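The data block below is upload-v8.pdb; it holds PDB, C-alpha atoms and all ligand atoms.
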```
ATOM      1  CA  MET A  23     178.541  61.910 130.958  1.00  0.00           C
ATOM      2  CA  LYS A  24     178.670  63.402 127.478  1.00  0.00           C
ATOM      3  CA  GLY A  25     179.749  61.047 124.698  1.00  0.00           C
ATOM      4  CA  ILE A  26     181.578  57.785 125.223  1.00  0.00           C
ATOM      5  CA  GLU A  27     184.409  57.124 127.644  1.00  0.00           C
ATOM      6  CA  ILE A  28     187.027  54.524 126.746  1.00  0.00           C
ATOM      7  CA  ALA A  29     188.740  52.737 129.632  1.00  0.00           C
ATOM      8  CA  PRO A  30     191.549  50.431 128.469  1.00  0.00           C
ATOM      9  CA  SER A  31     192.037  47.530 130.890  1.00  0.00           C
ATOM     10  CA  ILE A  32     195.701  46.956 131.645  1.00  0.00           C
ATOM     11  CA  LEU A  33     194.932  43.307 132.438  1.00  0.00           C
ATOM     12  CA  SER A  34     195.844  42.603 128.808  1.00  0.00           C
ATOM     13  CA  ALA A  35     198.878  44.935 128.763  1.00  0.00           C
ATOM     14  CA  ASP A  36     202.454  43.646 128.949  1.00  0.00           C
ATOM     15  CA  PHE A  37     203.254  43.767 132.690  1.00  0.00           C
ATOM     16  CA  ASN A  38     206.933  43.889 131.792  1.00  0.00           C
ATOM     17  CA  HIS A  39     206.328  47.299 130.176  1.00  0.00           C
ATOM     18  CA  LEU A  40     203.305  48.502 132.118  1.00  0.00           C
ATOM     19  CA  GLY A  41     204.221  52.177 132.237  1.00  0.00           C
ATOM     20  CA  GLN A  42     204.899  52.266 128.509  1.00  0.00           C
ATOM     21  CA  ASP A  43     201.619  50.514 127.708  1.00  0.00           C
ATOM     22  CA  VAL A  44     199.699  53.001 129.860  1.00  0.00           C
ATOM     23  CA  ALA A  45     201.432  55.905 128.111  1.00  0.00           C
ATOM     24  CA  LEU A  46     200.581  54.382 124.733  1.00  0.00           C
ATOM     25  CA  VAL A  47     196.827  54.214 125.392  1.00  0.00           C
ATOM     26  CA  GLU A  48     196.867  57.637 127.043  1.00  0.00           C
ATOM     27  CA  SER A  49     198.371  59.155 123.913  1.00  0.00           C
ATOM     28  CA  ALA A  50     195.754  57.267 121.859  1.00  0.00           C
ATOM     29  CA  GLY A  51     192.985  59.061 123.770  1.00  0.00           C
ATOM     30  CA  ALA A  52     192.114  56.806 126.711  1.00  0.00           C
ATOM     31  CA  ASP A  53     189.833  58.684 129.100  1.00  0.00           C
ATOM     32  CA  VAL A  54     190.710  56.653 132.195  1.00  0.00           C
ATOM     33  CA  ILE A  55     192.981  53.682 132.915  1.00  0.00           C
ATOM     34  CA  HIS A  56     191.107  50.583 134.107  1.00  0.00           C
ATOM     35  CA  VAL A  57     193.062  48.608 136.710  1.00  0.00           C
ATOM     36  CA  ASP A  58     191.851  45.084 137.549  1.00  0.00           C
ATOM     37  CA  VAL A  59     192.639  43.947 141.092  1.00  0.00           C
ATOM     38  CA  MET A  60     192.011  40.201 141.610  1.00  0.00           C
ATOM     39  CA  ASP A  61     192.637  38.250 144.787  1.00  0.00           C
ATOM     40  CA  GLY A  62     192.434  34.590 143.781  1.00  0.00           C
ATOM     41  CA  HIS A  63     189.370  34.181 146.042  1.00  0.00           C
ATOM     42  CA  PHE A  64     186.537  36.308 144.696  1.00  0.00           C
ATOM     43  CA  VAL A  65     187.744  35.455 141.199  1.00  0.00           C
ATOM     44  CA  PRO A  66     189.940  32.570 140.037  1.00  0.00           C
ATOM     45  CA  ASN A  67     192.883  34.785 139.126  1.00  0.00           C
ATOM     46  CA  LEU A  68     195.444  36.886 140.958  1.00  0.00           C
ATOM     47  CA  THR A  69     196.803  40.180 139.644  1.00  0.00           C
ATOM     48  CA  ILE A  70     198.074  43.271 141.414  1.00  0.00           C
ATOM     49  CA  GLY A  71     197.604  45.186 144.648  1.00  0.00           C
ATOM     50  CA  PRO A  72     198.181  48.616 146.183  1.00  0.00           C
ATOM     51  CA  PRO A  73     201.935  48.932 145.391  1.00  0.00           C
ATOM     52  CA  VAL A  74     201.308  48.640 141.654  1.00  0.00           C
ATOM     53  CA  VAL A  75     198.372  51.070 141.814  1.00  0.00           C
ATOM     54  CA  LYS A  76     200.685  53.490 143.612  1.00  0.00           C
ATOM     55  CA  ALA A  77     203.394  53.040 140.977  1.00  0.00           C
ATOM     56  CA  LEU A  78     200.918  53.570 138.135  1.00  0.00           C
ATOM     57  CA  LYS A  79     199.669  56.738 139.807  1.00  0.00           C
ATOM     58  CA  ARG A  80     203.148  58.281 139.649  1.00  0.00           C
ATOM     59  CA  ASN A  81     203.143  58.454 135.856  1.00  0.00           C
ATOM     60  CA  ALA A  82     199.520  58.194 134.747  1.00  0.00           C
ATOM     61  CA  THR A  83     198.086  61.356 133.222  1.00  0.00           C
ATOM     62  CA  ARG A  84     194.530  60.005 133.186  1.00  0.00           C
ATOM     63  CA  PRO A  85     192.439  59.018 136.249  1.00  0.00           C
ATOM     64  CA  LEU A  86     192.897  55.487 137.607  1.00  0.00           C
ATOM     65  CA  ASP A  87     189.650  53.513 137.425  1.00  0.00           C
ATOM     66  CA  VAL A  88     190.333  50.694 139.897  1.00  0.00           C
ATOM     67  CA  HIS A  89     188.091  47.610 139.735  1.00  0.00           C
ATOM     68  CA  LEU A  90     188.317  45.545 142.922  1.00  0.00           C
ATOM     69  CA  MET A  91     187.519  41.865 142.423  1.00  0.00           C
ATOM     70  CA  ILE A  92     188.316  40.905 146.006  1.00  0.00           C
ATOM     71  CA  THR A  93     186.362  39.269 148.830  1.00  0.00           C
ATOM     72  CA  ASN A  94     187.272  41.661 151.638  1.00  0.00           C
ATOM     73  CA  ALA A  95     186.572  45.024 150.027  1.00  0.00           C
ATOM     74  CA  ASP A  96     184.995  46.300 153.273  1.00  0.00           C
ATOM     75  CA  ASP A  97     188.366  46.004 154.992  1.00  0.00           C
ATOM     76  CA  SER A  98     190.764  46.998 152.232  1.00  0.00           C
ATOM     77  CA  VAL A  99     189.322  49.873 150.184  1.00  0.00           C
ATOM     78  CA  GLY A 100     191.514  52.216 152.241  1.00  0.00           C
ATOM     79  CA  TRP A 101     194.694  50.732 150.762  1.00  0.00           C
ATOM     80  CA  TYR A 102     193.561  51.519 147.230  1.00  0.00           C
ATOM     81  CA  LEU A 103     192.368  55.004 148.131  1.00  0.00           C
ATOM     82  CA  GLU A 104     195.761  55.749 149.696  1.00  0.00           C
ATOM     83  CA  ALA A 105     197.497  54.281 146.643  1.00  0.00           C
ATOM     84  CA  GLY A 106     195.785  56.880 144.458  1.00  0.00           C
ATOM     85  CA  ALA A 107     192.650  55.329 142.959  1.00  0.00           C
ATOM     86  CA  ASP A 108     190.546  58.134 141.466  1.00  0.00           C
ATOM     87  CA  ARG A 109     187.580  55.846 140.989  1.00  0.00           C
ATOM     88  CA  LEU A 110     187.023  52.742 143.044  1.00  0.00           C
ATOM     89  CA  THR A 111     184.627  49.991 141.989  1.00  0.00           C
ATOM     90  CA  VAL A 112     183.542  47.341 144.483  1.00  0.00           C
ATOM     91  CA  HIS A 113     181.415  44.290 143.765  1.00  0.00           C
ATOM     92  CA  ALA A 114     177.945  44.139 145.313  1.00  0.00           C
ATOM     93  CA  GLU A 115     178.530  40.389 145.825  1.00  0.00           C
ATOM     94  CA  ALA A 116     181.729  41.002 147.805  1.00  0.00           C
ATOM     95  CA  CYS A 117     180.658  43.666 150.307  1.00  0.00           C
ATOM     96  CA  ARG A 118     179.044  42.916 153.652  1.00  0.00           C
ATOM     97  CA  HIS A 119     177.964  46.544 154.034  1.00  0.00           C
ATOM     98  CA  LEU A 120     177.813  47.995 150.560  1.00  0.00           C
ATOM     99  CA  HIS A 121     176.259  51.313 151.589  1.00  0.00           C
ATOM    100  CA  ARG A 122     179.004  51.885 154.159  1.00  0.00           C
ATOM    101  CA  VAL A 123     181.804  51.001 151.726  1.00  0.00           C
ATOM    102  CA  VAL A 124     180.656  53.436 149.046  1.00  0.00           C
ATOM    103  CA  GLY A 125     180.413  56.100 151.754  1.00  0.00           C
ATOM    104  CA  VAL A 126     184.027  55.448 152.748  1.00  0.00           C
ATOM    105  CA  ILE A 127     185.131  55.850 149.115  1.00  0.00           C
ATOM    106  CA  ARG A 128     183.179  59.109 148.732  1.00  0.00           C
ATOM    107  CA  HIS A 129     184.470  60.472 152.024  1.00  0.00           C
ATOM    108  CA  ALA A 130     188.053  59.871 150.868  1.00  0.00           C
ATOM    109  CA  GLY A 131     187.417  62.097 147.848  1.00  0.00           C
ATOM    110  CA  ALA A 132     187.288  59.330 145.240  1.00  0.00           C
ATOM    111  CA  SER A 133     184.422  58.410 142.942  1.00  0.00           C
ATOM    112  CA  PRO A 134     182.484  55.309 144.081  1.00  0.00           C
ATOM    113  CA  GLY A 135     181.076  52.688 141.716  1.00  0.00           C
ATOM    114  CA  VAL A 136     179.487  49.281 142.198  1.00  0.00           C
ATOM    115  CA  SER A 137     179.792  46.272 139.921  1.00  0.00           C
ATOM    116  CA  ILE A 138     177.498  43.309 139.479  1.00  0.00           C
ATOM    117  CA  ASN A 139     178.344  39.895 138.031  1.00  0.00           C
ATOM    118  CA  PRO A 140     176.378  38.394 135.153  1.00  0.00           C
ATOM    119  CA  ALA A 141     174.145  36.358 137.519  1.00  0.00           C
ATOM    120  CA  THR A 142     173.353  39.280 139.852  1.00  0.00           C
ATOM    121  CA  PRO A 143     170.065  41.077 139.190  1.00  0.00           C
ATOM    122  CA  VAL A 144     170.138  44.868 138.740  1.00  0.00           C
ATOM    123  CA  GLU A 145     167.518  45.298 141.476  1.00  0.00           C
ATOM    124  CA  VAL A 146     170.113  44.773 144.230  1.00  0.00           C
ATOM    125  CA  LEU A 147     171.510  48.214 143.341  1.00  0.00           C
ATOM    126  CA  ARG A 148     168.375  50.343 143.612  1.00  0.00           C
ATOM    127  CA  ASP A 149     168.974  51.487 147.190  1.00  0.00           C
ATOM    128  CA  VAL A 150     172.575  52.567 146.585  1.00  0.00           C
ATOM    129  CA  LEU A 151     172.133  54.213 143.167  1.00  0.00           C
ATOM    130  CA  GLY A 152     171.757  57.598 144.831  1.00  0.00           C
ATOM    131  CA  GLU A 153     175.087  57.171 146.636  1.00  0.00           C
ATOM    132  CA  ILE A 154     177.321  56.212 143.706  1.00  0.00           C
ATOM    133  CA  ASP A 155     178.574  57.752 140.466  1.00  0.00           C
ATOM    134  CA  TYR A 156     178.424  54.696 138.199  1.00  0.00           C
ATOM    135  CA  VAL A 157     177.471  51.045 137.923  1.00  0.00           C
ATOM    136  CA  LEU A 158     179.817  48.557 136.276  1.00  0.00           C
ATOM    137  CA  VAL A 159     177.911  45.809 134.489  1.00  0.00           C
ATOM    138  CA  MET A 160     180.129  42.756 134.087  1.00  0.00           C
ATOM    139  CA  SER A 161     179.439  41.360 130.642  1.00  0.00           C
ATOM    140  CA  VAL A 162     181.685  38.330 131.282  1.00  0.00           C
ATOM    141  CA  ASN A 163     182.304  36.406 134.482  1.00  0.00           C
ATOM    142  CA  PRO A 164     185.143  38.346 136.103  1.00  0.00           C
ATOM    143  CA  GLY A 165     188.628  36.878 136.271  1.00  0.00           C
ATOM    144  CA  PHE A 166     190.074  36.836 132.784  1.00  0.00           C
ATOM    145  CA  GLY A 167     190.437  38.921 129.660  1.00  0.00           C
ATOM    146  CA  GLY A 168     189.472  37.694 126.225  1.00  0.00           C
ATOM    147  CA  GLN A 169     186.105  36.083 127.076  1.00  0.00           C
ATOM    148  CA  ALA A 170     182.970  36.258 124.938  1.00  0.00           C
ATOM    149  CA  PHE A 171     180.388  38.987 125.617  1.00  0.00           C
ATOM    150  CA  ILE A 172     177.260  37.712 127.427  1.00  0.00           C
ATOM    151  CA  GLU A 173     174.212  38.892 125.459  1.00  0.00           C
ATOM    152  CA  ARG A 174     171.966  39.192 128.503  1.00  0.00           C
ATOM    153  CA  SER A 175     174.143  42.153 129.602  1.00  0.00           C
ATOM    154  CA  LEU A 176     172.346  44.380 127.084  1.00  0.00           C
ATOM    155  CA  ALA A 177     169.026  44.005 128.916  1.00  0.00           C
ATOM    156  CA  LYS A 178     170.777  44.725 132.225  1.00  0.00           C
ATOM    157  CA  ILE A 179     172.328  47.929 130.859  1.00  0.00           C
ATOM    158  CA  GLU A 180     168.925  49.059 129.577  1.00  0.00           C
ATOM    159  CA  ALA A 181     167.272  48.288 132.927  1.00  0.00           C
ATOM    160  CA  LEU A 182     169.960  50.186 134.833  1.00  0.00           C
ATOM    161  CA  ALA A 183     169.702  53.190 132.539  1.00  0.00           C
ATOM    162  CA  ARG A 184     165.952  53.273 133.299  1.00  0.00           C
ATOM    163  CA  MET A 185     166.530  52.839 137.041  1.00  0.00           C
ATOM    164  CA  ALA A 186     169.149  55.601 137.014  1.00  0.00           C
ATOM    165  CA  ALA A 187     166.668  57.993 135.399  1.00  0.00           C
ATOM    166  CA  GLU A 188     164.462  57.486 138.477  1.00  0.00           C
ATOM    167  CA  GLU A 189     167.074  57.296 141.226  1.00  0.00           C
ATOM    168  CA  ASN A 190     170.146  59.252 140.040  1.00  0.00           C
ATOM    169  CA  PRO A 191     170.118  61.005 136.657  1.00  0.00           C
ATOM    170  CA  ASP A 192     173.858  61.769 136.925  1.00  0.00           C
ATOM    171  CA  LEU A 193     174.810  58.097 137.212  1.00  0.00           C
ATOM    172  CA  PHE A 194     176.498  56.450 134.222  1.00  0.00           C
ATOM    173  CA  VAL A 195     176.727  52.805 133.242  1.00  0.00           C
ATOM    174  CA  GLN A 196     180.099  51.208 132.579  1.00  0.00           C
ATOM    175  CA  VAL A 197     180.454  47.817 130.893  1.00  0.00           C
ATOM    176  CA  ASP A 198     183.373  45.417 131.145  1.00  0.00           C
ATOM    177  CA  GLY A 199     184.051  42.211 129.258  1.00  0.00           C
ATOM    178  CA  GLY A 200     184.081  41.253 125.600  1.00  0.00           C
ATOM    179  CA  ILE A 201     183.989  44.849 124.351  1.00  0.00           C
ATOM    180  CA  ASP A 202     185.313  45.393 120.843  1.00  0.00           C
ATOM    181  CA  ALA A 203     184.257  47.369 117.773  1.00  0.00           C
ATOM    182  CA  THR A 204     181.333  44.967 117.240  1.00  0.00           C
ATOM    183  CA  THR A 205     179.874  44.953 120.760  1.00  0.00           C
ATOM    184  CA  ALA A 206     180.712  48.628 121.502  1.00  0.00           C
ATOM    185  CA  PRO A 207     177.851  50.144 119.454  1.00  0.00           C
ATOM    186  CA  ARG A 208     175.408  47.614 120.925  1.00  0.00           C
ATOM    187  CA  VAL A 209     176.237  48.440 124.552  1.00  0.00           C
ATOM    188  CA  ALA A 210     176.269  52.164 123.757  1.00  0.00           C
ATOM    189  CA  ALA A 211     172.811  51.922 122.171  1.00  0.00           C
ATOM    190  CA  ALA A 212     171.622  50.105 125.322  1.00  0.00           C
ATOM    191  CA  GLY A 213     172.804  53.022 127.468  1.00  0.00           C
ATOM    192  CA  ALA A 214     176.421  52.318 128.485  1.00  0.00           C
ATOM    193  CA  ARG A 215     178.681  55.386 128.409  1.00  0.00           C
ATOM    194  CA  SER A 216     181.959  53.995 129.774  1.00  0.00           C
ATOM    195  CA  LEU A 217     183.448  51.062 127.884  1.00  0.00           C
ATOM    196  CA  VAL A 218     186.229  48.931 129.363  1.00  0.00           C
ATOM    197  CA  ALA A 219     188.268  47.037 126.784  1.00  0.00           C
ATOM    198  CA  GLY A 220     191.332  44.918 127.434  1.00  0.00           C
ATOM    199  CA  SER A 221     192.229  42.349 124.816  1.00  0.00           C
ATOM    200  CA  ALA A 222     190.545  44.249 121.959  1.00  0.00           C
ATOM    201  CA  ILE A 223     193.020  47.094 122.553  1.00  0.00           C
ATOM    202  CA  PHE A 224     196.221  45.586 123.938  1.00  0.00           C
ATOM    203  CA  CYS A 225     196.189  42.418 121.822  1.00  0.00           C
ATOM    204  CA  ALA A 226     195.568  44.381 118.602  1.00  0.00           C
ATOM    205  CA  ALA A 227     198.439  44.923 116.171  1.00  0.00           C
ATOM    206  CA  ASP A 228     197.842  48.663 116.547  1.00  0.00           C
ATOM    207  CA  PRO A 229     196.370  49.375 120.025  1.00  0.00           C
ATOM    208  CA  ALA A 230     195.888  53.101 119.325  1.00  0.00           C
ATOM    209  CA  ALA A 231     193.896  52.391 116.164  1.00  0.00           C
ATOM    210  CA  ALA A 232     191.856  49.729 117.984  1.00  0.00           C
ATOM    211  CA  LEU A 233     190.947  52.171 120.760  1.00  0.00           C
ATOM    212  CA  GLN A 234     189.862  54.797 118.262  1.00  0.00           C
ATOM    213  CA  GLU A 235     187.857  52.260 116.284  1.00  0.00           C
ATOM    214  CA  ILE A 236     185.963  51.167 119.420  1.00  0.00           C
ATOM    215  CA  ARG A 237     185.223  54.778 120.318  1.00  0.00           C
ATOM    216  CA  ALA A 238     184.000  55.643 116.808  1.00  0.00           C
ATOM    217  CA  ALA A 239     181.808  52.529 116.681  1.00  0.00           C
ATOM    218  CA  ALA A 240     180.233  53.356 120.055  1.00  0.00           C
ATOM    219  CA  GLU A 241     179.734  57.044 119.272  1.00  0.00           C
ATOM    220  CA  SER A 242     177.988  56.182 116.013  1.00  0.00           C
ATOM    221  CA  ALA A 243     175.298  54.424 118.064  1.00  0.00           C
ATOM    222  CA  ILE A 244     174.294  57.228 120.436  1.00  0.00           C
TER     223      ILE A 244
HETATM  224  C1  LIG A 301     187.713  40.820 133.709  1.00  0.00           C
HETATM  225  C2  LIG A 301     188.175  42.237 133.895  1.00  0.00           C
HETATM  226  C3  LIG A 301     188.197  43.016 132.660  1.00  0.00           C
HETATM  227  C4  LIG A 301     189.056  42.444 131.553  1.00  0.00           C
HETATM  228  C5  LIG A 301     188.287  42.618 130.290  1.00  0.00           C
HETATM  229  O1  LIG A 301     187.446  40.236 134.922  1.00  0.00           O
HETATM  230  O2  LIG A 301     187.379  42.924 134.824  1.00  0.00           O
HETATM  231  O3  LIG A 301     188.495  44.386 132.888  1.00  0.00           O
HETATM  232  O4  LIG A 301     190.304  43.031 131.405  1.00  0.00           O
HETATM  233  O5  LIG A 301     188.963  42.000 129.266  1.00  0.00           O
HETATM  234  P1  LIG A 301     188.395  41.930 127.783  1.00  0.00           P
HETATM  235  O6  LIG A 301     188.171  43.329 127.319  1.00  0.00           O
HETATM  236  O7  LIG A 301     189.483  41.221 127.054  1.00  0.00           O
HETATM  237  O8  LIG A 301     187.121  41.121 127.843  1.00  0.00           O
HETATM  238 ZN    ZN A 302     187.628  45.146 134.996  1.00  0.00          ZN
END
```
In structure tokens, what does this structure look like?
Amino acid sequence: MKGIEIAPSILSADFNHLGQDVALVESAGADVIHVDVMDGHFVPNLTIGPPVVKALKRNATRPLDVHLMITNADDSVGWYLEAGADRLTVHAEACRHLHRVVGVIRHAGASPGVSINPATPVEVLRDVLGEIDYVLVMSVNPGFGGQAFIERSLAKIEALARMAAEENPDLFVQVDGGIDATTAPRVAAAGARSLVAGSAIFCAADPAAALQEIRAAAESAI
């Protein structure tokens, strides 16, 4: 990936005006729209499912980057692929057969990615790096927006960037949690190229300006 990709997370959008909030960040230059699916089991929060992904897909002009925080990803990725996910991220901790799941996503024509929680070591990904397009490093414990960035994530991003150079030079690292104009240049310098930001964009007085500020801060560091 050339440059920095900004992926606004609609978790912090106003769900009463979801389509308008998506359009707002698209016109501000969002590269993809990050959609957080939570099941109340894998994470202690419950958000949206396939019908909302399908509704978003009707009007979105940017690809849908769907982040599944659900226990039974093996059994339900098909719902999200049918709903129109362009990228589908599953958690390594939540898949019984991770290699098979990423194959299903690829076979459906979508882009597969795998996420790891803050306590999961990067080494668990080595044997699937060649099968996926990106790794999502969780820099907070998944479940909620607005949490503080976990510093250890920087070392994980660096380690994954090194591992990708050996296993899959086309792979990019995405980071999610606590990203704002202060942390953005730090994760970019560590090797992240896709930055998910929820509260720093949607809770800002001017979301478009906030998005552009995060992008400029990250791009200044690479
Ligand atoms: C958290 C979600 C994130 C969340 C990030 O579990 O995966 O995408 O929206 O929120 P911020 O950017 O506020 O940390
Ligand atoms: Zn997310």
Neighbours of ligand ZN 302 (chain A) within 6 Å, counting all atoms listed in the file, as an mmCIF file with C-alpha atoms, keeping the file's coordinate frame?
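Output file selection-v3.cif is given in full below:
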```
data_model
loop_
_atom_site.group_PDB
_atom_site.id
_atom_site.type_symbol
_atom_site.label_atom_id
_atom_site.label_comp_id
_atom_site.auth_asym_id
_atom_site.auth_seq_id
_atom_site.Cartn_x
_atom_site.Cartn_y
_atom_site.Cartn_z
ATOM 1 C CA ASP A 58 191.851 45.084 137.549
ATOM 2 C CA HIS A 89 188.091 47.610 139.735
ATOM 3 C CA ASP A 198 183.373 45.417 131.145
#
```
So which residues touch Val74 in chain A within 12 Å, counting only C-alpha atoms, skipping near sequence neighbours fewer than 3 positions away, as a short mmCIF file (atom, residue, chain, number, x, y, z; two decimals) with C-alpha atoms, in the frame of the given file?
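Here's the written file result-v4.cif:
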```cif
data_model
loop_
_atom_site.label_atom_id
_atom_site.label_comp_id
_atom_site.auth_asym_id
_atom_site.auth_seq_id
_atom_site.Cartn_x
_atom_site.Cartn_y
_atom_site.Cartn_z
CA ILE A 32 195.70 46.96 131.65
CA PHE A 37 203.25 43.77 132.69
CA LEU A 40 203.30 48.50 132.12
CA GLY A 41 204.22 52.18 132.24
CA VAL A 57 193.06 48.61 136.71
CA ASP A 58 191.85 45.08 137.55
CA VAL A 59 192.64 43.95 141.09
CA THR A 69 196.80 40.18 139.64
CA ILE A 70 198.07 43.27 141.41
CA GLY A 71 197.60 45.19 144.65
CA ALA A 77 203.39 53.04 140.98
CA LEU A 78 200.92 53.57 138.14
CA LYS A 79 199.67 56.74 139.81
CA ARG A 80 203.15 58.28 139.65
CA ASN A 81 203.14 58.45 135.86
CA ALA A 82 199.52 58.19 134.75
CA LEU A 86 192.90 55.49 137.61
CA VAL A 88 190.33 50.69 139.90
CA TRP A 101 194.69 50.73 150.76
CA TYR A 102 193.56 51.52 147.23
CA ALA A 105 197.50 54.28 146.64
CA GLY A 106 195.78 56.88 144.46
CA ALA A 107 192.65 55.33 142.96
#
```
Hits from the PyMOL selection byres (((chain A and resi 164-175) around 10) and not hetatm), listed as a PyMOL selection string
chain A and resi 31-34+58-62+64-69+91+138-141+159-163+176-181+197-202+205+208-209+212+219-222+225
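Of the listed residues A:Cys117, A:Ala239, A:Ala29, A:Leu46, the one whose atoms come nearest to ligand LIG 301 (chain A) is A:Ala29, with distances taken using all atoms listed in the file.
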Just so the selection is clear, what residues does the PyMOL selection byres (((chain A and resi 121-123) around 8) and not hetatm) cover here, as a PyMOL selection string?
chain A and resi 95-96+99+117+119-120+124-127+150+153
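Running the PyMOL selection byres (((chain A and resi 196) around 10) and not hetatm) on this file leaves Ile26, Glu27, Ile28, Ala29, Gly135, Val136, Ser137, Tyr156, Val157, Leu158, Val159, Met160, Ile179, Leu193, Phe194, Val195, Val197, Asp198, Val209, Ala210, Gly213, Ala214, Arg215, Ser216, Leu217 and Val218 of chain A selected.
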Next, dump the selected residues to file, keeping only C-alpha atoms, as a PDB file, in the frame of the given file.
```
ATOM      1  CA  ILE A  26     181.578  57.785 125.223  1.00  0.00           C
ATOM      2  CA  GLU A  27     184.409  57.124 127.644  1.00  0.00           C
ATOM      3  CA  ILE A  28     187.027  54.524 126.746  1.00  0.00           C
ATOM      4  CA  ALA A  29     188.740  52.737 129.632  1.00  0.00           C
ATOM      5  CA  GLY A 135     181.076  52.688 141.716  1.00  0.00           C
ATOM      6  CA  VAL A 136     179.487  49.281 142.198  1.00  0.00           C
ATOM      7  CA  SER A 137     179.792  46.272 139.921  1.00  0.00           C
ATOM      8  CA  TYR A 156     178.424  54.696 138.199  1.00  0.00           C
ATOM      9  CA  VAL A 157     177.471  51.045 137.923  1.00  0.00           C
ATOM     10  CA  LEU A 158     179.817  48.557 136.276  1.00  0.00           C
ATOM     11  CA  VAL A 159     177.911  45.809 134.489  1.00  0.00           C
ATOM     12  CA  MET A 160     180.129  42.756 134.087  1.00  0.00           C
ATOM     13  CA  ILE A 179     172.328  47.929 130.859  1.00  0.00           C
ATOM     14  CA  LEU A 193     174.810  58.097 137.212  1.00  0.00           C
ATOM     15  CA  PHE A 194     176.498  56.450 134.222  1.00  0.00           C
ATOM     16  CA  VAL A 195     176.727  52.805 133.242  1.00  0.00           C
ATOM     17  CA  VAL A 197     180.454  47.817 130.893  1.00  0.00           C
ATOM     18  CA  ASP A 198     183.373  45.417 131.145  1.00  0.00           C
ATOM     19  CA  VAL A 209     176.237  48.440 124.552  1.00  0.00           C
ATOM     20  CA  ALA A 210     176.269  52.164 123.757  1.00  0.00           C
ATOM     21  CA  GLY A 213     172.804  53.022 127.468  1.00  0.00           C
ATOM     22  CA  ALA A 214     176.421  52.318 128.485  1.00  0.00           C
ATOM     23  CA  ARG A 215     178.681  55.386 128.409  1.00  0.00           C
ATOM     24  CA  SER A 216     181.959  53.995 129.774  1.00  0.00           C
ATOM     25  CA  LEU A 217     183.448  51.062 127.884  1.00  0.00           C
ATOM     26  CA  VAL A 218     186.229  48.931 129.363  1.00  0.00           C
TER      27      VAL A 218
END
```
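For the pair CA of Pro191 in chain A and CA of Ala240 in chain A, the separation is 20.9 Å.
With distances taken over all atoms listed in the file, A:Asp87 is the one residue among A:Glu145, A:Asp108, A:Asp87, A:Glu235 lying closest to ligand LIG 301 (chain A).
For the residues A:Pro30, A:Pro85, A:Pro73, A:Gly100, ranking by smallest atom-to-atom distance to ligand LIG 301 (chain A) using all atoms listed in the file places A:Pro30 first.
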Is it possible to get the axis-aligned box enclosing range 63-80 of chain A (all listed atoms, 6 Å extra per side) as lines of an AutoDock Vina configuration file, with centre and edge lengths in Å rounded to one decimal?
```
center_x = 195.0
center_y = 45.4
center_z = 142.2
size_x = 28.9
size_y = 37.7
size_z = 20.0
```
Closest to Ala50 in chain A among A:Arg84, A:His63, A:Arg118, A:His129, using all atoms listed in the file?
A:Arg84
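Shortest separation to Leu182 in chain A among A:Val54, A:Leu233, A:Leu151, A:Ala35 occurs at residue A:Leu151, atoms counted being all atoms listed in the file.
Checking A:Ala231, A:Ala130, A:Leu147, A:Ala203 one by one against ligand LIG 301 (chain A), counting only C-alpha atoms and all ligand atoms, you find the shortest gap at A:Ala203.
Straight-line separation from CA of Thr83 in chain A to atom C1 of ligand LIG 301 (chain A): 23.0 Å.
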To one decimal place, how far is atom C4 of ligand LIG 301 (chain A) from CA of Arg184 in chain A in Å?
25.6 Å
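Point (173.4, 55.5, 119.4) has the following residues at most 7 Å away: Pro207, Ala210, Ala211, Glu241, Ser242, Ala243 and Ile244 of chain A (atoms considered: all atoms listed in the file).
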Selection export as a PDB file, in the frame of the given file, atoms kept: C-alpha atoms:
```pdb
ATOM      1  CA  PRO A 207     177.851  50.144 119.454  1.00  0.00           C
ATOM      2  CA  ALA A 210     176.269  52.164 123.757  1.00  0.00           C
ATOM      3  CA  ALA A 211     172.811  51.922 122.171  1.00  0.00           C
ATOM      4  CA  GLU A 241     179.734  57.044 119.272  1.00  0.00           C
ATOM      5  CA  SER A 242     177.988  56.182 116.013  1.00  0.00           C
ATOM      6  CA  ALA A 243     175.298  54.424 118.064  1.00  0.00           C
ATOM      7  CA  ILE A 244     174.294  57.228 120.436  1.00  0.00           C
TER       8      ILE A 244
END
```
Extract range 169-175 of chain A from the coordinates I pasted, and write it as a short mmCIF file (atom, residue, chain, number, x, y, z; two decimals), in the first residue's frame (atoms kept: N, CA and C atoms).
```cif
data_model
loop_
_atom_site.label_atom_id
_atom_site.label_comp_id
_atom_site.auth_asym_id
_atom_site.auth_seq_id
_atom_site.Cartn_x
_atom_site.Cartn_y
_atom_site.Cartn_z
N GLN A 169 -11.02 4.27 23.97
CA GLN A 169 -10.07 3.77 24.97
C GLN A 169 -8.66 4.26 24.65
N ALA A 170 -7.80 4.18 25.67
CA ALA A 170 -6.42 4.66 25.51
C ALA A 170 -5.57 3.65 24.74
N PHE A 171 -4.74 4.17 23.86
CA PHE A 171 -3.79 3.38 23.06
C PHE A 171 -2.85 2.60 23.96
N ILE A 172 -2.65 1.31 23.66
CA ILE A 172 -1.72 0.46 24.42
C ILE A 172 -0.34 0.53 23.76
N GLU A 173 0.64 1.03 24.50
CA GLU A 173 1.97 1.33 23.94
C GLU A 173 2.66 0.11 23.33
N ARG A 174 2.44 -1.03 23.94
CA ARG A 174 3.08 -2.27 23.47
C ARG A 174 2.73 -2.56 22.00
N SER A 175 1.62 -1.99 21.51
CA SER A 175 1.19 -2.23 20.13
C SER A 175 2.26 -1.81 19.12
#
```
